[in-house]
Each structure stands twice: as C-alpha cells, then as structure tokens.
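Following: one structure in structure tokens, then a few remarks.
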Amino acid sequence: MESQIKKLSGLMQSRQISCQELTQNYLDAMERDNKKINAYVNPTAELAMEAAKAVDKKIASGEELSPLAGIPMTLKDNISTKGIETTCCSNILKGYYPIYNATVWEILQQQNAVLLGKTNMDEFAMGSSCETSCFGGALNPHDLSHVAGGSSGGVASAVGGNLAVYGLGSDTGGSIRQPASFCGLVGLKPTYGAVSRYGLIAYASSFDQIGPITATVEDAALVYDAISRYDEKDSTCRGNTGKPASESLNNSIKGKKIGIAKEYFDGIRDDVNDAIQNAIKVYESLGAQIVYFDMPSLKYSLPVYYILACAEASSNLGRYDGIRYGYRTPHYSDRNEMICKTRSEGFGKEVKRRILLGTYVLSAGYYDAYYKKAQNLRGTLVKAFQDAFQKCDVILAPTVPMTAFPLNFTAQDAVETYQTDICTVPVNIAGLPAVSIPCGFDGTGLPIGMQLIGNSFSEPTILNMAHQYESAAGNSVFPRADMGVKL
Ligand SMILES: NC(=O)C[C@H](N)C(=O)O
C-alpha cells in the first residue's frame, strides 16, 4: 500500500495542496466525524493551523524538509505536550498542563509535524477497550457498535477513521498493536530502549514503549526512523543505532525463517487462525521458510505481566496525591484525609483495582510468592525468545485471539479481559519489537491482525517482512473506513 505520509508530503512539495488546506481538511472532518467515534479528547485546531502556516512558509522558501513535515497527526493523551492539557484520560489529571515536552514530541516538532489534538485512551493506559477513559471510549470506525481497542484506542480510531495520518501511542502490554489490529492498521511496538520515554506518563516503566500507529508499513517505518533516537533524558534509551528501517523495506525475504510457536495459537478464534494460515501461504509464495517449535513458557506470560505491571503501577501512581498538581478533593480536614479522598475520587475503578493488586503483590509476606516469582519467570521468558531466535528470523503470531469487542464487553469480567492480552504481553516482558498488520476480516467485516516479532533492535527486519506481505496481499486486507478525509 502506498505510504500516506510520502503521498501527502509529495502533494505539498509539488504545491498541489498547501499544508494549511490539508490541515483544514482534517479539522473540518474532525468537526463532522469525531462525535461519531470519540477519538479526540482535546483537539488543538488553532495550534495546528499555526504549525501549518509555518510549514507553508518553509516550503515557499525552498527549505529542505523531512517527509513528516506538515503531516497532520495525533498523540495519545499520556504523551506530555507543553502547555497542552495532558490528562491520561483520568479525572485525577484533568486540568494538568505539562511544563515540558516529551522527547518524541520535541523531535516531531523539529520535523514540523502538525498536531491535530490529543487522543483518547484507557485511563493511565490500563485496559484493552479504551472504555476505562474518563471521557468514555473511542469507537471502531469500521463498526460503531464495537470498541477501537486499547489502551491507545483514540489514536487507532483517529487514524482508522481518517482523522489523522498517523499517531503515536504507547504499548505496555499490547496498547499499540491491539487497537491497530482492531481498526485495520499497522501498529509498531519498538524494542525497549529504541524510543525515548521522557515525558511519557508512566504506567509500568519496565514495559512502556512509545510507537506509531499508521495506515501502512512504510509510514510506520518513517515515523519509527524519526523517533528512535538516543536521549540523555531517558537512561533506558539508546535509540536505533543501526540502519533506518525505511531503507530495508524492499529487501527480498527469500530464505528468511518465520517461526511459528503453537502456544500462540491456543484458544484463538477459527477465523483469526484461518486468516493467519492464509498469510503463511503468502509468505511461502515469497520464498520464506516456515519453522515450527514449542514455547511452553509462554503460558506464564499473562500472570507475569499482570503481577509486574500492577506492581510498577502501584509505585508510579503514588505521585498523584492532590498536593502538587491535578485534582484535589474540595472537602477534607487533614492531609491524610485529603490524599485518601483525592485518590478515591480521582481514580477510576480499573486503576484502583491495579493499584490494590500491585500493592498486594509487593507487600511483606506476598513479595516472594508473587513479585519475586514473576521476576524469575520473566527471565525464563527472555531466554525462551533467545532460544527461538536461534531457529528463526521472526516469529509470526496472532495479535489478538479475536476481533474488536462489542461495546461493554470488558466491563463484565476483568480477568476475562486480561486474558485477551495473551498474544501481546510476551514481547513486552522480553523487551522485544513487534509489528501488528492487518491480514483479513471476520464474517462481520471487522479487521483481523497478525504480529511479526523480532529480536532486539530488529525493527528493519520485521518491517521488511511486514512490507513484503502488505505488497503481496494487496489492499484487500487493508481496510479504509468510510469517514474522515478521503485521500
Ligand atoms: N497498556 C497496555 O498495553 C494494555 C494492557 N491491556 C493493559 O491493560 O495493561
């Protein structure tokens, strides 16, 4: 599929459309369609037009610009934007205006990106449907009776509904890949440490990564190349020190080994399985070799993830106390009561559940039984992936065992919802990169996604494999919803 970023950049460079016209198209479409899908929680129309004006000036003066210059885009509402309200879609952060920018936003501003607004998400990124947002969930542009997914549901809803060309989300246990899969998009979760998280509001710091949600693989590669830079402000960040991913997309994949671990397919829906089997055939026709193996330790992924992520969340979210910023309860008699009431009133139900779970697994007496055991098993999973990459170049797996949930599905049973993260959490545990791409539809027309998982810093390889599939499978598996800006 043609890169949307390159196409629009070309139109602006050749003066067929100005950046102000393009941006206005998106703002008009947002005005008309955002109420249908609730993707944006904070549109930034004025700032967008200012940025667009500056881009038009630079184009007129002949300045050489990056392909991302003038491209209308969005940021998940947990990415700090100086002077622009950043809420994590939580009542406790309503009215919070960061005094500094996330590094990714600094980089994109330097590249003359045009921010259309901040998008919806599950509260503090905790959820798989976007429905834990204090603004109500973002809807799936392919079927408004279904969710966009989560937690970066607003980014996926906006890009899938043609209300942004691309967006940045964050992925702790699937939050970029799962909504991308639900909305028929490409979602890249980079290697832990490839992209700076400075200014990303923390959920679970040993898992969180920022990455793009886009309509095509080439777009994902272009955005990844722009943001994967070393940043001294994030001690876990080294950036991508290898070749740009966008330069490897057209490499032949003949002879590449694709690993299939049967555990990834346990309990997935038949139509999802069928779509992936078809994709495997496409890969075989491109000359790739399929290797099958077992990864029995994958079964520990869910408990390991939910124990460690909740433990880290309980610590990270300790900072919301009503003292320094964010919401403060209006009625209290002393400091303790103020903190207690602020947190009880400010956090939603799912966030409270995870803080309680995390505090429990870290408390004396339970630490060894849960937290320590989970840390040890994390090592086992890291090793299982290292062994797997002795046998193959990439692992192919479903992104989610099903397609987008109907509305309110996740409200019914928290544990059942956690289980739907079964295919996405393993790479976060091991710190690996993975890209989700569309590979078909279910019987009702909802998109199905599959993921390609690579070894650390192998983004060029997984994006090359994804791009080759995308080109061979054609537009039929890459749906565009009938709303927003028609390109
Ligand atoms: N944040 C994420 O990556 C989403 C995951 N479902 C979670 O709730 O933890």
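Ordering of the structure tokens sets the chain letters (A, B, ...); residue numbers start at 1 within each chain; ligands are numbered from 1 in the order shown.
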
Fill in: In stretch 54-247 of chain A, DSSP strand (DSSP E) residues written as number ranges by chain
A: 72-76, 114-119, 139-140, 143-147, 166-171, 186-189, 209-214

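Within the 9 Å cut-off around A:Ala466, using only C-alpha atoms and omitting residues fewer than 6 positions from it on the same chain, the listed residues are Val217, Leu249, Val435, Ser436, Ile437, Gln451 and Leu452 of chain A.
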
Item to complete: Kindly indicate which residue among A:Gly287, A:Pro244, A:Pro98, A:Gly449 lies nearest to A:Leu200, using only C-alpha atoms for the distances.
Response: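 When distances to A:Leu200 are compared using only C-alpha atoms, the smallest one comes from A:Pro98.
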
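When only C-alpha atoms and all ligand atoms are used to compute distances to ligand 1, the closest of the residues A:Ser14, A:Thr410, A:Ser80, A:Asn112 turns out to be A:Thr410.
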
Discussion item. Taking only C-alpha atoms and all ligand atoms into account, list the residues no farther than 9 Å from ligand 1, as a PyMOL selection string.
Written reply: chain A and resi 122+124-129+150-152+170-178+203-204+207-208+305-306+309-310+417-418+420-421+424-425+428

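Selecting helix (DSSP H, G or I) from the backbone DSSP output for stretch 176-244 of chain A yields A:Arg177, A:Gln178, A:Pro179, A:Ala180, A:Ser181, A:Phe182, A:Val217, A:Glu218, A:Asp219, A:Ala220, A:Ala221, A:Leu222, A:Val223, A:Tyr224, A:Asp225, A:Ala226, A:Ile227.
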
Contacts of stretch 332-349 of chain A at 6 Å (only C-alpha atoms; same-chain gap of 4+ positions) as a short mmCIF file (atom, residue, chain, number, x, y, z; two decimals) with C-alpha atoms, in the first residue's frame:
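Written out: around.cif:
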```cif
data_model
loop_
_atom_site.label_atom_id
_atom_site.label_comp_id
_atom_site.auth_asym_id
_atom_site.auth_seq_id
_atom_site.Cartn_x
_atom_site.Cartn_y
_atom_site.Cartn_z
CA ASN A 91 -10.18 12.69 36.34
CA ILE A 92 -7.14 12.97 38.59
CA ASP A 321 -1.71 12.86 45.87
CA ARG A 328 -7.70 17.76 44.77
#
```

Fill in: Nearest to A:Asp387 by atom-to-atom distance, counting only C-alpha atoms, from A:Ser315, A:Thr461, A:Ser297, A:Thr87
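Using only C-alpha atoms, the shortest distance to A:Asp387 belongs to A:Ser297.
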
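As for atom CA of A:Ala369 and atom CA of A:Ile429, they are spaced 18.9 Å apart.
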
Practice prompt. Would you list the contacts of A:Ala374 as a list of chain:residue names, taking every protein, DNA or RNA residue within 9 Å and counting only C-alpha atoms, but skipping same-chain residues closer than 5 positions in sequence?
Written response: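 My list of contacting residues is A:Tyr300, A:Pro303, A:Val304, A:Tyr305, A:Ile307, A:Leu308, A:Ala369, A:Gly379.
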
Discussion item. If we count only C-alpha atoms and set the cut-off at 12 Å, which residues sit around A:Met12, ignoring sequence neighbours fewer than 2 positions away in its own chain? Please answer as a PyMOL selection string.
Written reply: chain A and resi 5-10+14-23+52+55-60+62+65-71

Fill in: Nearest to A:Pro190, chosen from A:Gly149, A:Gly211, A:Gly259, A:Gly440, with only C-alpha atoms counted in the distances
A:Gly211

Worksheet item: Out of A:Leu185, A:Ile253, A:Gly199, A:Asn42, which residue has the shortest atom-to-atom distance to A:Thr81 when counting only C-alpha atoms?
Response: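 Selected residue with least distance to A:Thr81: A:Gly199.
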
Discussion item. What's the separation between atom CA of A:Gly117 and atom CA of A:Trp105, in Å to one decimal place?
Written reply: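 Distance reported for this atom pair: 12.3 Å.
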
Fill in: Using only C-alpha atoms: which of A:Met402, A:Ile355, A:Ile213, A:Ala54 has the shortest distance to A:Lys189
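For A:Lys189, the nearest of the candidates is A:Ile213.
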
Worksheet item: How many Å lie between atom CA of A:Tyr371 and atom CA of A:Ala414, rounded to one decimal?
Response: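 We find that atom CA of A:Tyr371 and atom CA of A:Ala414 lie 20.3 Å from each other.
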
Within 12 Å of stretch 224-238 of chain A: each stretch 244-346 of chain A residue with its shortest pair, only C-alpha atoms, as a Markdown table:
```
| residue | atom | partner | partner_atom | distance |
| --- | --- | --- | --- | --- |
| A:Pro244 | CA | A:Asp225 | CA | 5.7 |
| A:Ala245 | CA | A:Asp225 | CA | 6.3 |
| A:Ser246 | CA | A:Asp225 | CA | 7.1 |
| A:Glu247 | CA | A:Asp225 | CA | 9.7 |
| A:Ser248 | CA | A:Asp225 | CA | 11.6 |
```
